[in-house]
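Below: query_7.txt (compact mmCIF, C-alpha atoms)
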# COMPACT_ATOMS: atom_id res chain seq x y z
CA MET A 6 81.46 102.61 90.55
CA ILE A 7 83.03 104.90 93.16
CA ILE A 8 84.60 101.74 94.64
CA PHE A 9 87.46 101.89 92.12
CA LEU A 10 88.90 105.03 93.81
CA PRO A 11 90.01 103.26 97.03
CA PHE A 12 91.10 100.30 94.87
CA PHE A 13 93.30 102.72 92.88
CA LEU A 14 94.88 104.01 96.12
CA ILE A 15 95.54 100.46 97.31
CA LEU A 16 97.36 99.66 94.08
CA LEU A 17 99.55 102.76 94.53
CA VAL A 18 100.34 101.89 98.16
CA ILE A 19 101.48 98.36 97.26
CA GLY A 20 103.88 99.83 94.72
CA MET A 21 102.18 99.36 91.36
CA PRO A 22 103.39 101.87 88.74
CA VAL A 23 100.98 104.78 88.33
CA LEU A 24 100.30 104.03 84.66
CA PHE A 25 99.04 100.51 85.36
CA ALA A 26 97.12 101.54 88.49
CA LEU A 27 95.26 104.18 86.46
CA LEU A 28 94.11 101.54 83.96
CA ILE A 29 93.69 98.45 86.15
CA ALA A 30 91.62 100.07 88.94
CA PRO A 31 88.67 101.22 86.81
CA GLY A 32 89.12 98.41 84.25
CA LEU A 33 88.99 95.52 86.72
CA VAL A 34 86.18 96.98 88.82
CA THR A 35 84.17 97.77 85.68
CA PHE A 36 84.68 94.25 84.31
CA ILE A 37 83.53 92.62 87.56
CA ILE A 38 80.60 94.88 88.49
CA ASP A 39 79.26 96.39 85.28
CA PRO A 40 77.33 93.98 82.97
CA ARG A 41 78.74 96.01 80.07
CA GLY A 42 82.25 95.22 81.33
CA PRO A 43 84.02 94.22 78.07
CA ALA A 44 82.47 97.10 76.14
CA MET A 45 83.41 99.59 78.88
CA ILE A 46 87.01 98.34 78.86
CA ASN A 47 87.14 99.02 75.11
CA VAL A 48 85.93 102.55 75.84
CA LEU A 49 88.59 102.87 78.56
CA LEU A 50 91.41 101.86 76.22
CA ARG A 51 90.07 104.05 73.41
CA ASN A 52 90.18 107.02 75.76
CA VAL A 53 93.90 106.40 76.36
CA TYR A 54 94.50 107.26 72.70
CA ASN A 55 91.98 110.13 72.75
CA GLY A 56 93.77 111.61 75.75
CA ILE A 57 97.06 111.75 73.85
CA ASP A 58 95.51 112.94 70.57
CA SER A 59 95.74 116.66 71.35
CA PHE A 60 97.43 119.47 69.41
CA ILE A 61 98.49 121.23 72.62
CA LEU A 62 100.13 118.08 74.01
CA MET A 63 102.30 117.85 70.89
CA ALA A 64 104.41 120.55 72.54
CA ILE A 65 105.63 118.15 75.24
CA PRO A 66 107.82 115.91 73.01
CA PHE A 67 109.32 118.96 71.33
CA PHE A 68 110.21 120.66 74.63
CA ILE A 69 111.72 117.40 75.91
CA LEU A 70 113.79 117.11 72.72
CA ALA A 71 114.94 120.74 72.98
CA GLY A 72 116.01 120.18 76.59
CA ASN A 73 117.92 117.01 75.68
CA LEU A 74 119.69 118.78 72.82
CA MET A 75 120.70 121.62 75.14
CA ASN A 76 121.90 119.24 77.84
CA ARG A 77 123.82 116.99 75.42
CA GLY A 78 125.39 120.08 73.89
CA GLY A 79 127.05 121.15 77.12
CA ILE A 80 124.62 123.99 77.73
CA THR A 81 124.25 122.93 81.37
CA ILE A 82 127.95 123.59 82.00
CA ARG A 83 127.64 127.11 80.59
CA LEU A 84 124.68 127.87 82.84
CA VAL A 85 126.50 126.52 85.93
CA ASP A 86 129.63 128.56 85.08
CA PHE A 87 127.51 131.69 84.71
CA ALA A 88 125.76 131.07 88.04
CA GLN A 89 129.07 130.42 89.78
CA SER A 90 130.59 133.64 88.44
CA MET A 91 127.65 135.56 89.92
CA ILE A 92 127.28 134.02 93.39
CA GLY A 93 129.97 131.36 93.80
CA HIS A 94 132.01 133.56 96.15
CA VAL A 95 129.45 133.66 99.00
CA ARG A 96 129.38 131.15 101.85
CA GLY A 97 127.54 128.08 100.67
CA GLY A 98 128.18 129.32 97.14
CA LEU A 99 127.85 125.98 95.36
CA ALA A 100 124.45 125.40 96.97
CA HIS A 101 123.34 128.83 95.72
CA VAL A 102 124.82 127.99 92.30
CA ASN A 103 122.75 124.80 92.32
CA ILE A 104 119.52 126.73 92.95
CA LEU A 105 120.27 129.52 90.46
CA SER A 106 121.25 126.94 87.82
CA SER A 107 117.88 125.24 88.34
CA MET A 108 116.12 128.54 87.77
CA LEU A 109 118.08 129.12 84.56
CA PHE A 110 117.68 125.51 83.37
CA ALA A 111 113.92 125.73 84.00
CA GLY A 112 113.66 128.12 81.08
CA LEU A 113 115.14 125.45 78.80
CA SER A 114 113.55 122.14 79.77
CA GLY A 115 110.41 122.71 81.87
CA SER A 116 111.02 119.35 83.55
CA ALA A 117 111.96 118.71 87.18
CA VAL A 118 113.36 115.25 86.40
CA ALA A 119 115.53 116.61 83.56
CA ASP A 120 116.79 119.31 85.94
CA THR A 121 117.67 116.74 88.60
CA SER A 122 119.44 114.48 86.11
CA ALA A 123 121.40 117.20 84.30
CA LEU A 124 122.45 119.30 87.29
CA GLY A 125 122.59 116.54 89.88
CA SER A 126 125.09 114.41 87.99
CA MET A 127 127.38 117.45 87.77
CA LEU A 128 126.83 119.40 91.00
CA ILE A 129 126.31 116.65 93.60
CA PRO A 130 129.87 115.26 93.14
CA ALA A 131 131.28 118.81 92.90
CA MET A 132 129.58 119.88 96.14
CA GLU A 133 130.72 116.73 97.96
CA LYS A 134 134.29 117.33 96.77
CA ASN A 135 134.13 120.88 98.13
CA GLY A 136 133.10 119.91 101.67
CA TYR A 137 129.32 119.50 101.56
CA THR A 138 127.71 116.30 102.76
CA ARG A 139 126.29 114.14 100.00
CA LYS A 140 122.83 114.17 101.56
CA PHE A 141 122.71 117.98 101.64
CA ALA A 142 123.96 118.27 98.06
CA THR A 143 121.29 115.81 96.94
CA ALA A 144 118.56 117.50 98.97
CA VAL A 145 119.23 120.98 97.58
CA THR A 146 119.34 119.54 94.04
CA ALA A 147 115.99 117.78 94.44
CA ALA A 148 114.35 120.75 96.18
CA SER A 149 115.46 123.27 93.55
CA SER A 150 114.52 121.00 90.64
CA VAL A 151 110.81 121.55 91.28
CA ILE A 152 111.29 125.08 89.92
CA GLY A 153 111.61 123.47 86.46
CA PRO A 154 107.88 123.05 85.76
CA ILE A 155 106.97 126.40 87.37
CA ILE A 156 109.12 128.79 85.34
CA PRO A 157 108.03 128.51 81.67
CA PRO A 158 108.11 126.55 79.49
CA SER A 159 106.24 124.04 81.63
CA GLY A 160 105.06 120.59 80.64
CA ILE A 161 102.43 120.35 83.36
CA MET A 162 100.96 123.74 82.41
CA ILE A 163 100.61 122.48 78.85
CA ILE A 164 98.84 119.39 80.22
CA TYR A 165 96.54 121.62 82.30
CA ALA A 166 95.64 123.75 79.28
CA GLY A 167 95.01 120.61 77.24
CA THR A 168 92.69 119.26 79.94
CA ILE A 169 90.68 122.35 80.96
CA GLU A 170 88.95 123.97 78.01
CA GLY A 171 89.37 127.70 77.64
CA THR A 172 92.69 127.81 79.53
CA SER A 173 95.42 129.86 77.86
CA VAL A 174 98.93 128.39 77.80
CA ALA A 175 100.32 131.90 77.33
CA ALA A 176 98.51 133.11 80.48
CA LEU A 177 99.79 130.13 82.49
CA PHE A 178 103.35 130.64 81.29
CA ALA A 179 103.21 134.33 82.22
CA ALA A 180 101.67 133.52 85.60
CA GLY A 181 104.44 131.04 86.45
CA ILE A 182 107.37 133.45 86.18
CA VAL A 183 107.08 135.26 89.54
CA PRO A 184 106.06 132.16 91.58
CA GLY A 185 109.09 130.28 90.18
CA VAL A 186 111.44 133.11 91.12
CA LEU A 187 109.77 133.33 94.55
CA VAL A 188 110.43 129.64 95.24
CA GLY A 189 114.06 130.06 94.14
CA ILE A 190 114.61 133.07 96.41
CA GLY A 191 113.03 131.18 99.33
CA LEU A 192 115.40 128.24 98.81
CA MET A 193 118.36 130.63 98.69
CA LEU A 194 117.31 132.21 101.99
CA VAL A 195 117.17 128.77 103.63
CA THR A 196 120.58 127.96 102.18
CA THR A 197 122.00 131.20 103.58
CA VAL A 198 120.79 130.31 107.08
CA LEU A 199 122.10 126.74 106.83
CA ALA A 200 125.42 127.96 105.40
CA LYS A 201 126.07 130.08 108.49
CA LYS A 202 124.83 127.41 110.90
CA ARG A 203 126.83 124.56 109.33
CA ASN A 204 129.81 126.68 108.22
CA PHE A 205 129.57 125.71 104.57
CA PRO A 206 132.62 126.44 102.41
CA VAL A 207 133.05 129.27 99.93
CA ALA A 208 133.08 127.79 96.44
CA SER A 209 135.51 130.20 94.83
CA LYS A 210 136.95 133.68 95.02
CA ARG A 211 134.88 136.59 93.75
CA ALA A 212 134.90 136.65 89.96
CA THR A 213 136.25 139.74 88.23
CA LEU A 214 134.04 141.81 85.95
CA ARG A 215 135.91 140.34 82.97
CA GLU A 216 135.28 136.75 84.18
CA ARG A 217 131.60 137.50 84.75
CA GLY A 218 131.37 139.06 81.31
CA VAL A 219 132.93 136.00 79.68
CA ALA A 220 130.59 133.65 81.58
CA ALA A 221 127.57 135.79 80.65
CA TRP A 222 128.61 135.84 76.99
CA ARG A 223 128.95 132.04 76.96
CA ALA A 224 125.47 131.70 78.51
CA VAL A 225 123.62 134.36 76.53
CA LEU A 226 122.76 132.16 73.51
CA PRO A 227 121.28 129.31 75.60
CA LEU A 228 119.36 131.83 77.70
CA MET A 229 117.81 133.23 74.53
CA THR A 230 115.71 130.02 74.36
CA PRO A 231 113.08 131.04 76.95
CA ALA A 232 113.11 134.58 75.54
CA ILE A 233 112.30 133.24 72.06
CA ILE A 234 109.64 130.87 73.40
CA LEU A 235 107.89 133.37 75.67
CA GLY A 236 108.34 136.30 73.33
CA GLY A 237 106.83 134.38 70.44
CA ILE A 238 103.88 133.05 72.43
CA LEU A 239 103.08 136.26 74.29
CA GLY A 240 103.57 138.32 71.15
CA GLY A 241 101.16 136.14 69.22
CA VAL A 242 103.81 135.09 66.69
CA PHE A 243 103.20 131.37 67.22
CA THR A 244 101.20 128.96 69.33
CA PRO A 245 102.77 127.04 72.26
CA THR A 246 103.02 123.91 70.07
CA GLU A 247 104.71 125.88 67.30
CA ALA A 248 106.95 127.49 69.94
CA SER A 249 108.14 124.05 71.05
CA ALA A 250 109.13 123.22 67.45
CA VAL A 251 110.94 126.56 67.18
CA ALA A 252 112.79 125.71 70.41
CA VAL A 253 113.98 122.43 68.86
CA ALA A 254 115.12 124.21 65.69
CA TYR A 255 117.00 126.80 67.75
CA ALA A 256 118.60 124.10 69.92
CA LEU A 257 119.70 122.19 66.80
CA VAL A 258 121.25 125.23 65.15
CA LEU A 259 122.91 126.27 68.41
CA SER A 260 124.34 122.84 69.25
CA LEU A 261 125.27 121.68 65.75
CA PHE A 262 126.47 124.79 63.94
CA ILE A 263 127.18 127.64 66.38
CA LEU A 264 128.61 125.98 69.49
CA ARG A 265 129.42 122.73 67.65
CA THR A 266 129.01 120.71 70.83
CA VAL A 267 126.80 118.04 69.22
CA THR A 268 127.63 115.97 66.14
CA PHE A 269 125.22 114.52 63.60
CA ARG A 270 126.20 111.06 64.83
CA GLU A 271 124.74 111.84 68.27
CA ILE A 272 121.35 112.99 66.95
CA PRO A 273 119.77 109.48 66.70
CA LEU A 274 120.60 108.73 70.35
CA ILE A 275 119.12 112.07 71.46
CA LEU A 276 115.97 111.36 69.42
CA VAL A 277 115.59 107.90 70.96
CA ARG A 278 116.00 109.20 74.51
CA SER A 279 113.54 112.02 73.86
CA ALA A 280 111.03 109.59 72.35
CA ILE A 281 111.22 107.30 75.38
CA ALA A 282 110.80 110.21 77.82
CA SER A 283 107.92 111.62 75.78
CA SER A 284 106.15 108.26 75.58
CA VAL A 285 106.28 107.90 79.36
CA VAL A 286 104.69 111.31 79.90
CA LEU A 287 102.06 110.95 77.17
CA LEU A 288 101.05 107.42 78.20
CA LEU A 289 100.55 108.67 81.75
CA VAL A 290 98.39 111.52 80.45
CA GLY A 291 96.40 109.14 78.24
CA ALA A 292 95.81 106.73 81.13
CA ALA A 293 94.81 109.64 83.37
CA VAL A 294 92.29 110.86 80.76
CA ALA A 295 90.79 107.37 80.58
CA PHE A 296 90.64 107.25 84.38
CA LYS A 297 89.02 110.69 84.43
CA THR A 298 86.34 109.49 81.99
CA VAL A 299 85.35 106.68 84.33
CA VAL A 300 85.44 109.08 87.29
CA SER A 301 83.02 111.43 85.54
CA THR A 302 80.54 108.62 84.76
CA SER A 303 80.56 107.49 88.41
CA HIS A 304 79.25 110.90 89.62
CA ALA A 305 82.39 111.26 91.74
CA PRO A 306 82.84 114.93 90.66
CA GLN A 307 79.41 115.84 92.00
CA LEU A 308 80.09 114.00 95.26
CA ILE A 309 83.47 115.68 95.74
CA THR A 310 81.98 119.09 94.94
CA GLY A 311 79.26 118.48 97.51
CA TRP A 312 81.84 117.54 100.15
CA PHE A 313 83.77 120.75 99.56
CA LEU A 314 80.71 123.00 99.63
CA ALA A 315 79.55 121.23 102.80
CA ILE A 316 82.76 122.40 104.52
CA SER A 317 82.31 126.04 103.55
CA GLU A 318 81.36 128.30 100.66
CA ASN A 319 84.15 130.72 101.56
CA PRO A 320 86.76 130.35 98.78
CA LEU A 321 89.65 131.25 101.12
CA ILE A 322 88.79 128.44 103.52
CA LEU A 323 88.32 126.01 100.66
CA LEU A 324 91.64 127.05 99.10
CA PHE A 325 93.36 126.26 102.40
CA PHE A 326 91.91 122.75 102.43
CA ILE A 327 92.52 122.20 98.72
CA ASN A 328 96.20 122.99 99.21
CA ILE A 329 96.44 120.29 101.85
CA LEU A 330 94.59 117.84 99.58
CA LEU A 331 96.81 118.61 96.60
CA PHE A 332 99.97 118.30 98.70
CA ILE A 333 98.87 114.84 99.85
CA VAL A 334 97.88 113.82 96.32
CA GLY A 335 101.29 114.99 95.09
CA MET A 336 102.97 112.54 97.45
CA PHE A 337 101.39 109.59 95.64
CA LEU A 338 100.55 110.71 92.11
CA ASP A 339 102.65 112.30 89.40
CA ALA A 340 101.76 115.92 88.58
CA GLY A 341 100.49 115.27 85.04
CA PRO A 342 97.95 112.53 85.86
CA ALA A 343 96.87 114.40 89.01
CA ILE A 344 96.07 117.49 86.94
CA VAL A 345 94.15 115.48 84.34
CA ILE A 346 92.09 113.70 87.02
CA LEU A 347 91.49 116.51 89.53
CA GLY A 348 91.59 119.59 87.30
CA PRO A 349 88.18 119.08 85.63
CA ILE A 350 86.65 118.33 89.04
CA LEU A 351 88.12 121.17 91.09
CA ALA A 352 88.59 124.03 88.61
CA PRO A 353 84.85 124.63 87.93
CA VAL A 354 84.11 124.63 91.68
CA PHE A 355 86.59 127.40 92.43
CA THR A 356 85.81 129.34 89.27
CA ASP A 357 82.15 129.46 90.34
CA LEU A 358 83.30 130.72 93.75
CA GLY A 359 85.09 133.66 92.13
CA VAL A 360 88.68 132.39 91.96
CA ASP A 361 90.41 133.42 88.73
CA PRO A 362 90.90 130.31 86.52
CA THR A 363 94.55 131.18 85.81
CA HIS A 364 95.23 131.75 89.50
CA PHE A 365 93.75 128.38 90.43
CA ALA A 366 95.75 126.69 87.66
CA ILE A 367 98.98 128.08 89.13
CA ILE A 368 97.98 127.02 92.66
CA MET A 369 97.37 123.50 91.42
CA SER A 370 100.47 123.33 89.23
CA VAL A 371 102.90 124.62 91.89
CA ASN A 372 101.42 122.42 94.60
CA LEU A 373 101.59 119.23 92.56
CA THR A 374 105.07 120.13 91.31
CA VAL A 375 106.37 120.31 94.89
CA GLY A 376 104.81 116.87 95.34
CA LEU A 377 107.43 115.55 92.90
CA ALA A 378 110.00 116.04 95.65
CA THR A 379 108.00 114.54 98.54
CA PRO A 380 107.95 110.93 99.72
CA PRO A 381 106.82 108.23 99.30
CA MET A 382 106.51 108.38 95.48
CA GLY A 383 108.12 111.68 94.43
CA LEU A 384 109.75 111.08 91.04
CA VAL A 385 112.41 113.72 91.65
CA LEU A 386 113.36 112.03 94.94
CA PHE A 387 113.91 108.70 93.21
CA THR A 388 115.92 110.35 90.44
CA ALA A 389 118.11 112.14 92.98
CA ALA A 390 118.54 108.90 94.96
CA SER A 391 119.68 107.03 91.85
CA ILE A 392 122.28 109.72 91.11
CA SER A 393 123.64 110.03 94.66
CA GLY A 394 123.29 106.41 95.79
CA LEU A 395 121.47 107.50 98.97
CA ARG A 396 118.19 106.15 100.30
CA VAL A 397 115.06 108.17 99.62
CA ASP A 398 114.26 108.56 103.34
CA VAL A 399 117.73 110.03 104.02
CA ILE A 400 117.26 112.65 101.29
CA ALA A 401 113.69 113.40 102.41
CA ARG A 402 114.76 114.16 105.99
CA GLU A 403 117.47 116.52 104.76
CA MET A 404 114.92 118.29 102.54
CA ILE A 405 112.55 119.25 105.39
CA PRO A 406 113.71 122.94 105.63
CA PHE A 407 113.42 123.34 101.86
CA LEU A 408 110.00 121.70 101.71
CA ALA A 409 108.81 123.97 104.54
CA VAL A 410 109.79 127.04 102.50
CA GLU A 411 108.12 125.64 99.38
CA ALA A 412 104.94 125.01 101.38
CA LEU A 413 105.06 128.62 102.61
CA ALA A 414 105.50 129.79 99.01
CA ILE A 415 102.43 127.78 97.99
CA PHE A 416 100.28 129.52 100.61
CA LEU A 417 101.65 132.93 99.61
CA ILE A 418 100.80 132.22 95.97
CA THR A 419 97.34 131.04 97.05
CA PHE A 420 96.34 133.94 99.28
CA VAL A 421 98.21 136.75 97.46
CA PRO A 422 96.87 136.44 93.90
CA ALA A 423 99.01 139.37 92.69
CA ILE A 424 102.10 137.12 92.88
CA SER A 425 100.92 135.04 89.96
CA MET A 426 98.39 137.36 88.30
CA THR A 427 100.31 140.63 87.93
CA VAL A 428 102.35 139.62 84.86
CA PRO A 429 99.38 138.09 82.95
CA ARG A 430 97.29 141.18 83.69
CA LEU A 431 100.04 143.53 82.54
CA LEU A 432 100.24 141.54 79.29
CA GLY A 433 96.46 141.54 78.86
CA LEU A 434 96.20 137.77 79.23
CA ALA A 435 93.96 137.69 82.34
Can you turn what I pasted into structure tokens?
Amino acid sequence: MIIFLPFFLILLVIGMPVLFALLIAPGLVTFIIDPRGPAMINVLLRNVYNGIDSFILMAIPFFILAGNLMNRGGITIRLVDFAQSMIGHVRGGLAHVNILSSMLFAGLSGSAVADTSALGSMLIPAMEKNGYTRKFATAVTAASSVIGPIIPPSGIMIIYAGTIEGTSVAALFAAGIVPGVLVGIGLMLVTTVLAKKRNFPVASKRATLRERGVAAWRAVLPLMTPAIILGGILGGVFTPTEASAVAVAYALVLSLFILRTVTFREIPLILVRSAIASSVVLLLVGAAVAFKTVVSTSHAPQLITGWFLAISENPLILLFFINILLFIVGMFLDAGPAIVILGPILAPVFTDLGVDPTHFAIIMSVNLTVGLATPPMGLVLFTAASISGLRVDVIAREMIPFLAVEALAIFLITFVPAISMTVPRLLGLA
């Protein structure tokens, strides 16, 4: 049965959508080889539903809806204005604004694709108008968008917790704060170097204290969203799923009644878009769970574990190799399905070797998130390409300095556990 793994990779290489490759590879091989083929296919399809039928995963549609409400309500503009008032006056200011806006938007949506769509459609044309090349503006947008699933709330961390029993969403959210900020600071440092080398323009004059105060006041209500979510979860007031529903309620009240930037007539369209986005994510997770079920019955986990332990039993050496493996996997497979498939295989191995489960979850989540911005199948790359009209390979070449910094951040997070574990430990979550 292990034969379906290379078949799955072949389907990805020839361009088949991930969802169908996850179902066709084990389904077709099972039907041809296994005498119980039809019955096993029924089991495969049943597991698609079982994979979605999870209380924790209910949080994903709610967080997507909250992000869409915020974006439709003009919240993105307020965040960009606030970021520009803080750092728009430095050389390469709009590029810095792009990165800081991604860090702020991450606390609202938890989605890299939503970040790319919301900020890219606004900032890519603005940066080009102010003297940046379109390829650089697109590259910095795509590179900074991967911060979205690292800083909580995070869809992929919810998927991880729903896949690996005993994993705390609250601990993962707390562990993602510092790594997300670290990645953002690294991208800003690269931008600073490139701004001097390429003589990037200054976006605007330095804002006065009054202008910064006005921008901060306009942004304070949207920025209360992550505070409410994290405060409620970490304080034990509500579960992550309940927190996602609270986020939707807050976004509705904020957009409809306080800011009045959304009308009741627009609500059905927002609901439809959120439902479509949610169905894409959940179907991928369901297909990945079904794929994982077949993987487990083929004894592939035991084989892969044996391969790793044959290399070394030193966790530091194995973590180095696992980072390379995850980075490669992230180039071809979306973060959610990759976590569902590989998480149950790899997490027990490293936990037995003494790696903290929360620490390994962050290593895996950050690594696969960066994969969203790497060719050939990075979803963020394709989203950025559709917004800018540039080819994926052009954007990918321009992103090399940013990807190098993100790779460095991954290794720092891996080999300096305090980066991700300090906050959870201070909160008593790890």
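Across the structure, CA of Ile350 (chain A) and CA of Arg430 (chain A) are spaced 25.8 Å apart.
One distance worth recording is that between CA of Ser122 (chain A) and CA of Leu289 (chain A), which is 20.2 Å.
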(message) Please list as a PyMOL selection string every residue within 9 Å of Pro206 (chain A), counting all atoms listed in the file and excluding residues in the same chain fewer than 4 positions away.
(response) chain A and resi 95-99+135-137+200
(request) Could you tell me how far CA of Leu128 (chain A) lies from CA of Ile400 (chain A), in Å and to one decimal? (result) 15.6 Å
(message) Just checking: using only C-alpha atoms, which residue out of A:Met63, A:Ala221, A:Val267, A:Leu10 ends up closest to Thr246 (chain A)?
(response)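 Under the stated criterion, the closest residue is A:Met63.
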(request) For each of A:Arg139, A:Val219, A:Leu264, A:Ala88, take the minimum atom-to-atom distance to Arg396 (chain A), counting all atoms listed in the file, then give the residue where this is smallest. (result)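 Distance minimum relative to Arg396 (chain A) lands on A:Arg139.
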(message) Which residue is closest to Ile29 (chain A)? Choose from A:Ala315, A:Leu239, A:Leu395, A:Val299 and count all atoms listed in the file.
(response)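 Distance minimum relative to Ile29 (chain A) lands on A:Val299.
Minimum distance to Gly20 (chain A) across A:Leu257, A:Leu70, A:Met382, A:Val53 (counting all atoms listed in the file) occurs at A:Met382.
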(request) Have a look at A:Tyr255, A:Phe262, A:Phe68, A:Phe12 and name the one nearest to Ala280 (chain A); count all atoms listed in the file. (result)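 Closest residue, counting all atoms listed in the file: A:Phe68.
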(message) Which residues are near Phe296 (chain A)? Cut-off 9 Å, all atoms listed in the file, ignore same chain within fewer than 3 positions. Put them as number ranges by chain.
(response) A: 27-28, 30-32, 49, 52-53, 291-293, 299-301, 345-346
Closest atom pairs, region 320-380 of chain A residues within 9 Å of region 157-181 of chain A, only C-alpha atoms, as JSON lines:
{"residue": "A:Ala340", "atom": "CA", "partner": "A:Ile161", "partner_atom": "CA", "distance": 6.9}
{"residue": "A:Gly341", "atom": "CA", "partner": "A:Ile161", "partner_atom": "CA", "distance": 5.7}
{"residue": "A:Pro342", "atom": "CA", "partner": "A:Ile164", "partner_atom": "CA", "distance": 8.9}
{"residue": "A:Ile344", "atom": "CA", "partner": "A:Tyr165", "partner_atom": "CA", "distance": 6.2}
{"residue": "A:Val345", "atom": "CA", "partner": "A:Thr168", "partner_atom": "CA", "distance": 6.0}
{"residue": "A:Gly348", "atom": "CA", "partner": "A:Ile169", "partner_atom": "CA", "distance": 7.0}
{"residue": "A:Pro349", "atom": "CA", "partner": "A:Ile169", "partner_atom": "CA", "distance": 6.2}
{"residue": "A:Ala352", "atom": "CA", "partner": "A:Ile169", "partner_atom": "CA", "distance": 8.1}
{"residue": "A:Pro362", "atom": "CA", "partner": "A:Thr172", "partner_atom": "CA", "distance": 7.6}
{"residue": "A:Thr363", "atom": "CA", "partner": "A:Leu177", "partner_atom": "CA", "distance": 6.3}
{"residue": "A:His364", "atom": "CA", "partner": "A:Ala180", "partner_atom": "CA", "distance": 7.7}
{"residue": "A:Ala366", "atom": "CA", "partner": "A:Leu177", "partner_atom": "CA", "distance": 7.4}
{"residue": "A:Ile367", "atom": "CA", "partner": "A:Gly181", "partner_atom": "CA", "distance": 6.8}
{"residue": "A:Ser370", "atom": "CA", "partner": "A:Met162", "partner_atom": "CA", "distance": 6.8}
{"residue": "A:Val371", "atom": "CA", "partner": "A:Gly181", "partner_atom": "CA", "distance": 8.6}
{"residue": "A:Thr374", "atom": "CA", "partner": "A:Ile161", "partner_atom": "CA", "distance": 8.4}
(request) Compare A:Ser114, A:Thr197, A:Thr427, A:Asn103 by their minimum atom-to-atom distance to Thr146 (chain A), counting only C-alpha atoms, and give me the closest one. (result) A:Asn103
(message) List as an NGL selection string the protein and nucleic acid residues near region 104-112 of chain A, meaning an atom at most 9 Å away when all atoms listed in the file are counted, but skip any in the same chain fewer than 3 places from it.
(response) :A and (72 or 81 or 84-89 or 92 or 99-101 or 115-117 or 120-121 or 124 or 145-146 or 148-159 or 185-186 or 189-190 or 192-193 or 228 or 230-232)
(request) Excluding Gly240 (chain A) and any residue of its chain fewer than 5 positions from it, enumerate the residues within 10 Å of it, using all atoms listed in the file, and give them as number ranges by chain. (result) A: 175, 234-235, 432
Deliver the residues from the most recent selection as a file, using C-alpha atoms, as a CSV table (one decimal), in the coordinates of the input.
chain,number,residue,atom,x,y,z
A,175,ALA,CA,100.3,131.9,77.3
A,234,ILE,CA,109.6,130.9,73.4
A,235,LEU,CA,107.9,133.4,75.7
A,432,LEU,CA,100.2,141.5,79.3
Using only C-alpha atoms, determine which residues lie at most 10 Å from Leu214 (chain A), disregarding the query and same-chain residues fewer than 5 positions distant; provide the list as a PDB file with C-alpha atoms, in the coordinates of the input.
ATOM      1  CA  SER A  90     130.590 133.640  88.440  1.00  0.00           C
ATOM      2  CA  MET A  91     127.650 135.560  89.920  1.00  0.00           C
ATOM      3  CA  VAL A 219     132.930 136.000  79.680  1.00  0.00           C
ATOM      4  CA  ALA A 220     130.590 133.650  81.580  1.00  0.00           C
TER       5      ALA A 220
END
So for region 190-195 of chain A, what box centre and size do we get, axis-aligned, 5 Å extra on each of the six sides, every listed atom, Å to one decimal, as JSON?
{"center_x": 115.7, "center_y": 130.7, "center_z": 100.0, "size_x": 15.3, "size_y": 14.8, "size_z": 17.2}
